>>> print(open('input.pdb').read())   # PDB, C-alpha atoms
ATOM      1  CA  ASP T   1     121.988 120.399  39.375  1.00  0.00           C
ATOM      2  CA  SER T   2     121.820 124.159  39.951  1.00  0.00           C
ATOM      3  CA  GLY T   3     120.765 124.985  36.387  1.00  0.00           C
ATOM      4  CA  VAL T   4     123.920 127.046  35.846  1.00  0.00           C
ATOM      5  CA  THR T   5     126.249 125.631  33.211  1.00  0.00           C
ATOM      6  CA  GLN T   6     129.910 126.372  32.670  1.00  0.00           C
ATOM      7  CA  THR T   7     132.222 125.351  29.873  1.00  0.00           C
ATOM      8  CA  PRO T   8     134.782 124.003  29.611  1.00  0.00           C
ATOM      9  CA  LYS T   9     135.097 121.869  32.756  1.00  0.00           C
ATOM     10  CA  HIS T  10     138.852 121.719  32.510  1.00  0.00           C
ATOM     11  CA  LEU T  11     141.324 123.886  30.668  1.00  0.00           C
ATOM     12  CA  ILE T  12     145.077 123.443  30.468  1.00  0.00           C
ATOM     13  CA  THR T  13     147.122 126.130  28.816  1.00  0.00           C
ATOM     14  CA  ALA T  14     150.505 127.804  28.875  1.00  0.00           C
ATOM     15  CA  THR T  15     151.724 131.052  30.372  1.00  0.00           C
ATOM     16  CA  GLY T  16     151.095 134.052  28.196  1.00  0.00           C
ATOM     17  CA  GLN T  17     148.044 132.555  26.536  1.00  0.00           C
ATOM     18  CA  ARG T  18     144.455 133.813  26.492  1.00  0.00           C
ATOM     19  CA  VAL T  19     141.376 131.770  27.375  1.00  0.00           C
ATOM     20  CA  THR T  20     137.631 132.324  27.509  1.00  0.00           C
ATOM     21  CA  LEU T  21     135.369 130.752  30.096  1.00  0.00           C
ATOM     22  CA  ARG T  22     131.681 130.581  29.422  1.00  0.00           C
ATOM     23  CA  CYS T  23     128.686 130.610  31.760  1.00  0.00           C
ATOM     24  CA  SER T  24     124.982 130.166  31.085  1.00  0.00           C
ATOM     25  CA  PRO T  25     122.784 131.277  33.990  1.00  0.00           C
ATOM     26  CA  ARG T  26     119.616 129.587  35.185  1.00  0.00           C
ATOM     27  CA  SER T  27     116.614 130.311  33.040  1.00  0.00           C
ATOM     28  CA  GLY T  28     115.147 133.639  34.135  1.00  0.00           C
ATOM     29  CA  ASP T  29     118.171 134.790  36.130  1.00  0.00           C
ATOM     30  CA  LEU T  30     119.435 138.218  35.131  1.00  0.00           C
ATOM     31  CA  SER T  31     122.522 138.480  37.334  1.00  0.00           C
ATOM     32  CA  VAL T  32     125.761 136.623  36.722  1.00  0.00           C
ATOM     33  CA  TYR T  33     128.680 136.599  39.152  1.00  0.00           C
ATOM     34  CA  TRP T  34     132.226 135.341  38.589  1.00  0.00           C
ATOM     35  CA  TYR T  35     134.375 133.974  41.422  1.00  0.00           C
ATOM     36  CA  GLN T  36     137.912 132.652  41.573  1.00  0.00           C
ATOM     37  CA  GLN T  37     138.992 129.948  43.999  1.00  0.00           C
ATOM     38  CA  SER T  38     142.723 129.453  44.327  1.00  0.00           C
ATOM     39  CA  LEU T  39     144.638 127.461  46.901  1.00  0.00           C
ATOM     40  CA  ASP T  40     146.277 130.458  48.515  1.00  0.00           C
ATOM     41  CA  GLN T  41     143.485 133.039  48.265  1.00  0.00           C
ATOM     42  CA  GLY T  42     140.337 130.988  48.740  1.00  0.00           C
ATOM     43  CA  LEU T  43     137.122 132.141  47.081  1.00  0.00           C
ATOM     44  CA  GLN T  44     137.114 135.704  45.791  1.00  0.00           C
ATOM     45  CA  PHE T  45     134.495 137.754  43.999  1.00  0.00           C
ATOM     46  CA  LEU T  46     135.641 138.972  40.590  1.00  0.00           C
ATOM     47  CA  ILE T  47     132.754 140.737  38.881  1.00  0.00           C
ATOM     48  CA  GLN T  48     128.967 140.889  38.566  1.00  0.00           C
ATOM     49  CA  TYR T  49     126.778 141.604  35.566  1.00  0.00           C
ATOM     50  CA  TYR T  50     123.085 142.373  35.623  1.00  0.00           C
ATOM     51  CA  ASN T  51     121.059 142.226  32.425  1.00  0.00           C
ATOM     52  CA  GLY T  52     124.079 142.980  30.282  1.00  0.00           C
ATOM     53  CA  GLU T  53     125.619 145.725  32.393  1.00  0.00           C
ATOM     54  CA  GLU T  54     128.486 145.579  34.842  1.00  0.00           C
ATOM     55  CA  ARG T  55     127.125 146.013  38.389  1.00  0.00           C
ATOM     56  CA  ALA T  56     130.021 145.435  40.746  1.00  0.00           C
ATOM     57  CA  LYS T  57     133.716 144.786  40.511  1.00  0.00           C
ATOM     58  CA  GLY T  58     135.865 142.918  42.978  1.00  0.00           C
ATOM     59  CA  ASN T  59     139.429 141.691  42.876  1.00  0.00           C
ATOM     60  CA  ILE T  60     139.561 141.323  39.117  1.00  0.00           C
ATOM     61  CA  LEU T  61     142.932 141.847  37.461  1.00  0.00           C
ATOM     62  CA  GLU T  62     143.286 144.209  34.502  1.00  0.00           C
ATOM     63  CA  ARG T  63     144.317 141.185  32.405  1.00  0.00           C
ATOM     64  CA  PHE T  64     140.842 139.759  32.984  1.00  0.00           C
ATOM     65  CA  SER T  65     137.630 141.012  31.464  1.00  0.00           C
ATOM     66  CA  ALA T  66     134.068 139.842  31.289  1.00  0.00           C
ATOM     67  CA  GLN T  67     130.856 140.563  29.494  1.00  0.00           C
ATOM     68  CA  GLN T  68     127.239 139.482  29.515  1.00  0.00           C
ATOM     69  CA  PHE T  69     125.503 139.032  26.200  1.00  0.00           C
ATOM     70  CA  PRO T  70     121.871 139.790  25.212  1.00  0.00           C
ATOM     71  CA  ASP T  71     120.942 136.135  25.750  1.00  0.00           C
ATOM     72  CA  LEU T  72     122.340 136.607  29.313  1.00  0.00           C
ATOM     73  CA  HIS T  73     125.197 134.157  29.013  1.00  0.00           C
ATOM     74  CA  SER T  74     128.501 135.516  30.213  1.00  0.00           C
ATOM     75  CA  GLU T  75     132.126 135.081  29.274  1.00  0.00           C
ATOM     76  CA  LEU T  76     135.211 135.650  31.371  1.00  0.00           C
ATOM     77  CA  ASN T  77     138.336 136.387  29.346  1.00  0.00           C
ATOM     78  CA  LEU T  78     141.725 135.798  30.926  1.00  0.00           C
ATOM     79  CA  SER T  79     144.776 137.009  29.028  1.00  0.00           C
ATOM     80  CA  SER T  80     148.559 137.010  29.459  1.00  0.00           C
ATOM     81  CA  LEU T  81     148.070 134.068  31.753  1.00  0.00           C
ATOM     82  CA  GLU T  82     150.442 133.489  34.632  1.00  0.00           C
ATOM     83  CA  LEU T  83     151.052 130.419  36.760  1.00  0.00           C
ATOM     84  CA  GLY T  84     149.196 132.097  39.611  1.00  0.00           C
ATOM     85  CA  ASP T  85     146.009 132.265  37.564  1.00  0.00           C
ATOM     86  CA  SER T  86     145.597 128.527  37.976  1.00  0.00           C
ATOM     87  CA  ALA T  87     142.364 128.169  39.931  1.00  0.00           C
ATOM     88  CA  LEU T  88     138.758 127.082  39.885  1.00  0.00           C
ATOM     89  CA  TYR T  89     136.551 129.711  38.306  1.00  0.00           C
ATOM     90  CA  PHE T  90     132.918 129.654  39.336  1.00  0.00           C
ATOM     91  CA  CYS T  91     129.989 131.412  37.838  1.00  0.00           C
ATOM     92  CA  ALA T  92     126.810 131.960  39.827  1.00  0.00           C
ATOM     93  CA  SER T  93     123.461 133.443  38.893  1.00  0.00           C
ATOM     94  CA  SER T  94     120.505 134.981  40.655  1.00  0.00           C
ATOM     95  CA  VAL T  95     117.142 136.410  39.653  1.00  0.00           C
ATOM     96  CA  GLU T  96     117.762 140.095  40.194  1.00  0.00           C
ATOM     97  CA  ARG T  97     120.219 142.519  41.539  1.00  0.00           C
ATOM     98  CA  ALA T  98     118.850 142.706  45.078  1.00  0.00           C
ATOM     99  CA  SER T  99     121.457 141.845  47.635  1.00  0.00           C
ATOM    100  CA  THR T 100     119.322 139.211  49.319  1.00  0.00           C
ATOM    101  CA  ASP T 101     118.908 136.872  46.369  1.00  0.00           C
ATOM    102  CA  THR T 102     120.184 133.313  46.580  1.00  0.00           C
ATOM    103  CA  GLN T 103     123.041 132.691  44.197  1.00  0.00           C
ATOM    104  CA  TYR T 104     123.180 129.387  42.347  1.00  0.00           C
ATOM    105  CA  PHE T 105     126.650 128.166  41.478  1.00  0.00           C
ATOM    106  CA  GLY T 106     127.818 126.439  38.339  1.00  0.00           C
ATOM    107  CA  PRO T 107     130.136 123.412  38.484  1.00  0.00           C
ATOM    108  CA  GLY T 108     133.205 125.540  37.823  1.00  0.00           C
ATOM    109  CA  THR T 109     136.007 125.566  35.275  1.00  0.00           C
ATOM    110  CA  ARG T 110     139.355 124.290  36.483  1.00  0.00           C
ATOM    111  CA  LEU T 111     142.113 126.285  34.808  1.00  0.00           C
ATOM    112  CA  THR T 112     145.662 125.003  34.893  1.00  0.00           C
ATOM    113  CA  VAL T 113     148.407 127.283  33.577  1.00  0.00           C
ATOM    114  CA  LEU T 114     151.685 125.485  32.875  1.00  0.00           C
TER
ATOM    115  CA  LYS X   1     141.934 140.294  60.249  1.00  0.00           C
ATOM    116  CA  ASN X   2     139.634 138.774  57.619  1.00  0.00           C
ATOM    117  CA  GLU X   3     136.184 140.244  57.256  1.00  0.00           C
ATOM    118  CA  VAL X   4     134.718 136.759  57.632  1.00  0.00           C
ATOM    119  CA  GLU X   5     136.189 134.241  60.029  1.00  0.00           C
ATOM    120  CA  GLN X   6     135.140 130.656  60.475  1.00  0.00           C
ATOM    121  CA  SER X   7     135.906 128.156  63.180  1.00  0.00           C
ATOM    122  CA  PRO X   8     137.020 125.506  63.375  1.00  0.00           C
ATOM    123  CA  GLN X   9     139.148 125.206  60.231  1.00  0.00           C
ATOM    124  CA  ASN X  10     139.006 121.423  60.429  1.00  0.00           C
ATOM    125  CA  LEU X  11     136.516 119.206  62.189  1.00  0.00           C
ATOM    126  CA  THR X  12     136.414 115.431  62.474  1.00  0.00           C
ATOM    127  CA  ALA X  13     133.353 113.752  63.932  1.00  0.00           C
ATOM    128  CA  GLN X  14     131.892 110.322  64.367  1.00  0.00           C
ATOM    129  CA  GLU X  15     128.703 109.421  62.582  1.00  0.00           C
ATOM    130  CA  GLY X  16     125.688 110.556  64.581  1.00  0.00           C
ATOM    131  CA  GLU X  17     127.394 113.435  66.354  1.00  0.00           C
ATOM    132  CA  PHE X  18     125.948 116.936  66.540  1.00  0.00           C
ATOM    133  CA  ILE X  19     128.173 119.393  64.697  1.00  0.00           C
ATOM    134  CA  THR X  20     128.490 123.166  64.965  1.00  0.00           C
ATOM    135  CA  ILE X  21     130.443 125.441  62.651  1.00  0.00           C
ATOM    136  CA  ASN X  22     130.765 129.096  63.539  1.00  0.00           C
ATOM    137  CA  CYS X  23     131.094 132.223  61.447  1.00  0.00           C
ATOM    138  CA  SER X  24     131.887 135.737  62.629  1.00  0.00           C
ATOM    139  CA  TYR X  25     131.990 138.797  60.442  1.00  0.00           C
ATOM    140  CA  SER X  26     133.148 142.343  60.983  1.00  0.00           C
ATOM    141  CA  VAL X  27     131.218 144.285  58.346  1.00  0.00           C
ATOM    142  CA  GLY X  28     127.623 145.317  57.920  1.00  0.00           C
ATOM    143  CA  ILE X  29     125.767 142.782  55.852  1.00  0.00           C
ATOM    144  CA  SER X  30     122.441 142.355  54.149  1.00  0.00           C
ATOM    145  CA  ALA X  31     122.505 138.556  54.206  1.00  0.00           C
ATOM    146  CA  LEU X  32     124.689 135.573  54.989  1.00  0.00           C
ATOM    147  CA  HIS X  33     125.084 132.373  52.991  1.00  0.00           C
ATOM    148  CA  TRP X  34     126.158 128.943  54.090  1.00  0.00           C
ATOM    149  CA  LEU X  35     127.647 126.993  51.202  1.00  0.00           C
ATOM    150  CA  GLN X  36     128.744 123.399  50.883  1.00  0.00           C
ATOM    151  CA  GLN X  37     131.614 122.370  48.631  1.00  0.00           C
ATOM    152  CA  HIS X  38     132.138 118.687  47.918  1.00  0.00           C
ATOM    153  CA  PRO X  39     135.488 117.113  47.053  1.00  0.00           C
ATOM    154  CA  GLY X  40     134.632 117.309  43.357  1.00  0.00           C
ATOM    155  CA  GLY X  41     134.575 121.094  43.733  1.00  0.00           C
ATOM    156  CA  GLY X  42     130.913 121.897  43.149  1.00  0.00           C
ATOM    157  CA  ILE X  43     129.333 124.517  45.418  1.00  0.00           C
ATOM    158  CA  VAL X  44     125.793 124.284  46.712  1.00  0.00           C
ATOM    159  CA  SER X  45     124.005 127.042  48.556  1.00  0.00           C
ATOM    160  CA  LEU X  46     122.537 125.578  51.749  1.00  0.00           C
ATOM    161  CA  PHE X  47     120.993 128.621  53.377  1.00  0.00           C
ATOM    162  CA  MET X  48     120.648 132.341  52.972  1.00  0.00           C
ATOM    163  CA  LEU X  49     119.852 134.203  56.185  1.00  0.00           C
ATOM    164  CA  SER X  50     119.197 137.786  57.051  1.00  0.00           C
ATOM    165  CA  SER X  51     117.760 137.116  60.516  1.00  0.00           C
ATOM    166  CA  GLY X  52     116.723 134.364  62.889  1.00  0.00           C
ATOM    167  CA  LYS X  53     116.938 130.705  62.058  1.00  0.00           C
ATOM    168  CA  LYS X  54     116.342 128.345  59.136  1.00  0.00           C
ATOM    169  CA  LYS X  55     116.066 124.559  59.070  1.00  0.00           C
ATOM    170  CA  HIS X  56     116.353 122.136  56.210  1.00  0.00           C
ATOM    171  CA  GLY X  57     116.368 118.465  57.061  1.00  0.00           C
ATOM    172  CA  ARG X  58     119.244 117.833  59.474  1.00  0.00           C
ATOM    173  CA  LEU X  59     120.747 121.261  58.876  1.00  0.00           C
ATOM    174  CA  ILE X  60     119.988 124.318  60.975  1.00  0.00           C
ATOM    175  CA  ALA X  61     121.436 127.792  60.463  1.00  0.00           C
ATOM    176  CA  THR X  62     121.133 130.699  62.852  1.00  0.00           C
ATOM    177  CA  ILE X  63     122.253 134.286  62.713  1.00  0.00           C
ATOM    178  CA  ASN X  64     122.605 136.994  65.344  1.00  0.00           C
ATOM    179  CA  ILE X  65     122.885 140.309  63.539  1.00  0.00           C
ATOM    180  CA  GLN X  66     123.745 142.305  66.675  1.00  0.00           C
ATOM    181  CA  GLU X  67     126.619 139.987  67.541  1.00  0.00           C
ATOM    182  CA  LYS X  68     127.671 139.555  63.874  1.00  0.00           C
ATOM    183  CA  HIS X  69     127.697 135.803  64.275  1.00  0.00           C
ATOM    184  CA  SER X  70     126.154 132.800  62.556  1.00  0.00           C
ATOM    185  CA  SER X  71     126.230 129.090  63.237  1.00  0.00           C
ATOM    186  CA  LEU X  72     125.579 126.067  61.080  1.00  0.00           C
ATOM    187  CA  HIS X  73     124.467 122.947  62.926  1.00  0.00           C
ATOM    188  CA  ILE X  74     124.265 119.425  61.577  1.00  0.00           C
ATOM    189  CA  THR X  75     122.258 116.949  63.604  1.00  0.00           C
ATOM    190  CA  ALA X  76     122.851 113.179  63.389  1.00  0.00           C
ATOM    191  CA  SER X  77     125.883 113.683  61.145  1.00  0.00           C
ATOM    192  CA  HIS X  78     126.593 111.188  58.386  1.00  0.00           C
ATOM    193  CA  PRO X  79     129.709 110.428  56.306  1.00  0.00           C
ATOM    194  CA  ARG X  80     127.987 111.959  53.288  1.00  0.00           C
ATOM    195  CA  ASP X  81     128.046 115.296  55.153  1.00  0.00           C
ATOM    196  CA  SER X  82     131.841 115.320  54.710  1.00  0.00           C
ATOM    197  CA  ALA X  83     132.614 118.464  52.737  1.00  0.00           C
ATOM    198  CA  VAL X  84     133.917 121.990  53.107  1.00  0.00           C
ATOM    199  CA  TYR X  85     131.366 124.372  54.592  1.00  0.00           C
ATOM    200  CA  ILE X  86     131.821 128.005  53.669  1.00  0.00           C
ATOM    201  CA  CYS X  87     130.259 131.062  55.221  1.00  0.00           C
ATOM    202  CA  ALA X  88     129.811 134.030  52.885  1.00  0.00           C
ATOM    203  CA  VAL X  89     128.352 137.450  53.540  1.00  0.00           C
ATOM    204  CA  MET X  90     126.609 139.832  51.204  1.00  0.00           C
ATOM    205  CA  GLY X  91     127.451 143.488  51.634  1.00  0.00           C
ATOM    206  CA  GLY X  92     125.323 145.996  53.464  1.00  0.00           C
ATOM    207  CA  LYS X  93     123.577 148.953  51.922  1.00  0.00           C
ATOM    208  CA  GLY X  94     125.219 150.542  48.929  1.00  0.00           C
ATOM    209  CA  GLU X  95     125.151 149.690  45.282  1.00  0.00           C
ATOM    210  CA  THR X  96     128.726 148.623  44.788  1.00  0.00           C
ATOM    211  CA  SER X  97     128.885 146.169  47.645  1.00  0.00           C
ATOM    212  CA  GLY X  98     125.335 144.899  47.711  1.00  0.00           C
ATOM    213  CA  SER X  99     125.489 141.690  45.747  1.00  0.00           C
ATOM    214  CA  ARG X 100     129.063 140.525  46.072  1.00  0.00           C
ATOM    215  CA  LEU X 101     129.893 137.665  48.400  1.00  0.00           C
ATOM    216  CA  THR X 102     132.850 137.811  50.779  1.00  0.00           C
ATOM    217  CA  PHE X 103     133.877 134.347  51.848  1.00  0.00           C
ATOM    218  CA  GLY X 104     135.297 132.758  54.943  1.00  0.00           C
ATOM    219  CA  GLU X 105     138.122 130.293  54.538  1.00  0.00           C
ATOM    220  CA  GLY X 106     135.876 127.302  54.991  1.00  0.00           C
ATOM    221  CA  THR X 107     135.614 124.474  57.484  1.00  0.00           C
ATOM    222  CA  GLN X 108     136.697 121.020  56.336  1.00  0.00           C
ATOM    223  CA  LEU X 109     134.301 118.526  57.925  1.00  0.00           C
ATOM    224  CA  THR X 110     135.050 114.824  57.965  1.00  0.00           C
ATOM    225  CA  VAL X 111     132.461 112.461  59.388  1.00  0.00           C
ATOM    226  CA  ASN X 112     133.746 108.971  60.037  1.00  0.00           C
ATOM    227  CA  PRO X 113     131.465 105.923  60.033  1.00  0.00           C
TER
END
>>> encode(input="input.pdb", output="structure tokens")
Amino acid sequence: DSGVTQTPKHLITATGQRVTLRCSPRSGDLSVYWYQQSLDQGLQFLIQYYNGEERAKGNILERFSAQQFPDLHSELNLSSLELGDSALYFCASSVERASTDTQYFGPGTRLTVL
Amino acid sequence: KNEVEQSPQNLTAQEGEFITINCSYSVGISALHWLQQHPGGGIVSLFMLSSGKKKHGRLIATINIQEKHSSLHITASHPRDSAVYICAVMGGKGETSGSRLTFGEGTQLTVNP
């Protein structure tokens, strides 16, 4: 158990809908990262937050947004869902924003868009 | 060409064999991760390296910064080692790239009893 929790574990929804994925980092970790793992693209970095502020952005679509709250949990919002958004979404956390910190991964949320 | 390339893509071994998975990268990095992903999907960080060599149990990871190459070795492999092993690099200097991970495509390892 990495100490990072993600909810829900599974999510099935329809095209055009909006969903919210939630991540709670390990106690004491200030950085939260979101990753997407799809069959055709593999693992990709989406976005990073550090202590409530956006730190780095990767291949995140404009239909997606994220935020980190004062209690350090983070939410990833996916809207106008398309079939291609079906993937495993992982959250990871680390202590600080230094680039050499170990990242601890949550169990992931499996999103299926029908 | 991907920034991070792993070989082989698939590897089948017999229990007890010594296994090597390779990772080459083309960008400057500050650190390299080896991750393990089990069939259930969960990802575990095995090692983070910025130089030299690390060992944990039967797992050994090495990195050669000059050659932009890392290897993951498994000694005395066991069926429970069957998983996907993923190499991921953390960006070099610079705020926007520093903490993100760029992933290889993974190596599917199957260890048969």
>>> closest_residue(input="input.pdb", among="T:Leu111, T:Val19, T:Val32, T:Leu83", to="Ala56 in chain T", atoms="all atoms listed in the file")
T:Val32
>>> resolve_selection(input="input.pdb", expression="the ChimeraX specification (/T :<12) & /X", output="PyMOL selection string")
chain X and resi 2+4+29-51+84+86-107
>>> resolve_selection(input="input.pdb", expression="the PyMOL selection byres ((chain T and resi 21-25) around 7)", output="list in words")
Val4, Thr5, Gln6, Thr7, Pro8, Val19, Thr20, Arg26, Ser27, Asp29, Val32, His73, Ser74, Glu75, Leu76, Asn77, Cys91 and Ser93 of chain T
>>> closest_residue(input="input.pdb", among="T:Leu114, T:Ala14, T:Tyr49, T:Glu82", to="Leu61 in chain T", atoms="all atoms listed in the file")
T:Glu82
>>> atom_distance(input="input.pdb", atom1="CA of Ala61 in chain X", atom2="CA of Gln6 in chain X")
14.0 Å
>>> closest_residue(input="input.pdb", among="X:His69, X:Ile60, X:Glu3, X:Pro8", to="Cys23 in chain X", atoms="all atoms listed in the file")
X:His69
>>> atom_distance(input="input.pdb", atom1="CA of Ser82 in chain X", atom2="CA of Lys9 in chain T")
23.1 Å
>>> residues_around(input="input.pdb", residues="Thr110 in chain X", least_positions_apart="5", cutoff="8 Å", atoms="only C-alpha atoms", output="ChimeraX atom specification")
/X:11-13,79,81-83
>>> decode(input="input.pdb", residues="range 72-85 of chain X", atoms="N, CA, C and O atoms", output="mmCIF file, in the first residue's frame")
data_model
loop_
_atom_site.group_PDB
_atom_site.id
_atom_site.type_symbol
_atom_site.label_atom_id
_atom_site.label_comp_id
_atom_site.auth_asym_id
_atom_site.auth_seq_id
_atom_site.Cartn_x
_atom_site.Cartn_y
_atom_site.Cartn_z
ATOM 1 N N LEU X 72 17.808 -2.911 -15.596
ATOM 2 C CA LEU X 72 17.197 -3.529 -14.419
ATOM 3 C C LEU X 72 17.490 -5.021 -14.500
ATOM 4 O O LEU X 72 17.208 -5.658 -15.516
ATOM 5 N N HIS X 73 18.088 -5.552 -13.449
ATOM 6 C CA HIS X 73 18.411 -6.975 -13.404
ATOM 7 C C HIS X 73 17.583 -7.643 -12.317
ATOM 8 O O HIS X 73 17.382 -7.062 -11.242
ATOM 9 N N ILE X 74 17.132 -8.843 -12.613
ATOM 10 C CA ILE X 74 16.459 -9.664 -11.609
ATOM 11 C C ILE X 74 17.242 -10.966 -11.495
ATOM 12 O O ILE X 74 17.402 -11.698 -12.484
ATOM 13 N N THR X 75 17.743 -11.234 -10.309
ATOM 14 C CA THR X 75 18.462 -12.491 -10.106
ATOM 15 C C THR X 75 17.495 -13.543 -9.571
ATOM 16 O O THR X 75 16.509 -13.202 -8.897
ATOM 17 N N ALA X 76 17.765 -14.813 -9.899
ATOM 18 C CA ALA X 76 16.942 -15.931 -9.418
ATOM 19 C C ALA X 76 15.463 -15.616 -9.605
ATOM 20 O O ALA X 76 14.694 -15.586 -8.640
ATOM 21 N N SER X 77 15.068 -15.375 -10.845
ATOM 22 C CA SER X 77 13.685 -14.942 -11.121
ATOM 23 C C SER X 77 12.663 -15.967 -10.641
ATOM 24 O O SER X 77 12.935 -17.181 -10.539
ATOM 25 N N HIS X 78 11.477 -15.447 -10.337
ATOM 26 C CA HIS X 78 10.401 -16.248 -9.761
ATOM 27 C C HIS X 78 9.105 -15.884 -10.470
ATOM 28 O O HIS X 78 8.965 -14.745 -10.922
ATOM 29 N N PRO X 79 8.156 -16.828 -10.574
ATOM 30 C CA PRO X 79 6.885 -16.489 -11.241
ATOM 31 C C PRO X 79 6.216 -15.230 -10.690
ATOM 32 O O PRO X 79 5.544 -14.507 -11.428
ATOM 33 N N ARG X 80 6.404 -14.940 -9.420
ATOM 34 C CA ARG X 80 5.770 -13.738 -8.874
ATOM 35 C C ARG X 80 6.406 -12.447 -9.392
ATOM 36 O O ARG X 80 5.867 -11.354 -9.190
ATOM 37 N N ASP X 81 7.555 -12.570 -10.096
ATOM 38 C CA ASP X 81 8.163 -11.401 -10.728
ATOM 39 C C ASP X 81 7.447 -11.037 -12.030
ATOM 40 O O ASP X 81 7.731 -9.988 -12.631
ATOM 41 N N SER X 82 6.550 -11.895 -12.493
ATOM 42 C CA SER X 82 5.829 -11.627 -13.744
ATOM 43 C C SER X 82 5.028 -10.341 -13.609
ATOM 44 O O SER X 82 4.182 -10.200 -12.719
ATOM 45 N N ALA X 83 5.313 -9.400 -14.485
ATOM 46 C CA ALA X 83 4.698 -8.072 -14.421
ATOM 47 C C ALA X 83 5.207 -7.278 -15.620
ATOM 48 O O ALA X 83 6.041 -7.752 -16.391
ATOM 49 N N VAL X 84 4.716 -6.055 -15.734
ATOM 50 C CA VAL X 84 5.284 -5.125 -16.710
ATOM 51 C C VAL X 84 6.257 -4.221 -15.972
ATOM 52 O O VAL X 84 5.916 -3.669 -14.914
ATOM 53 N N TYR X 85 7.448 -4.082 -16.509
ATOM 54 C CA TYR X 85 8.471 -3.230 -15.909
ATOM 55 C C TYR X 85 8.630 -2.005 -16.801
ATOM 56 O O TYR X 85 8.836 -2.116 -18.013
#
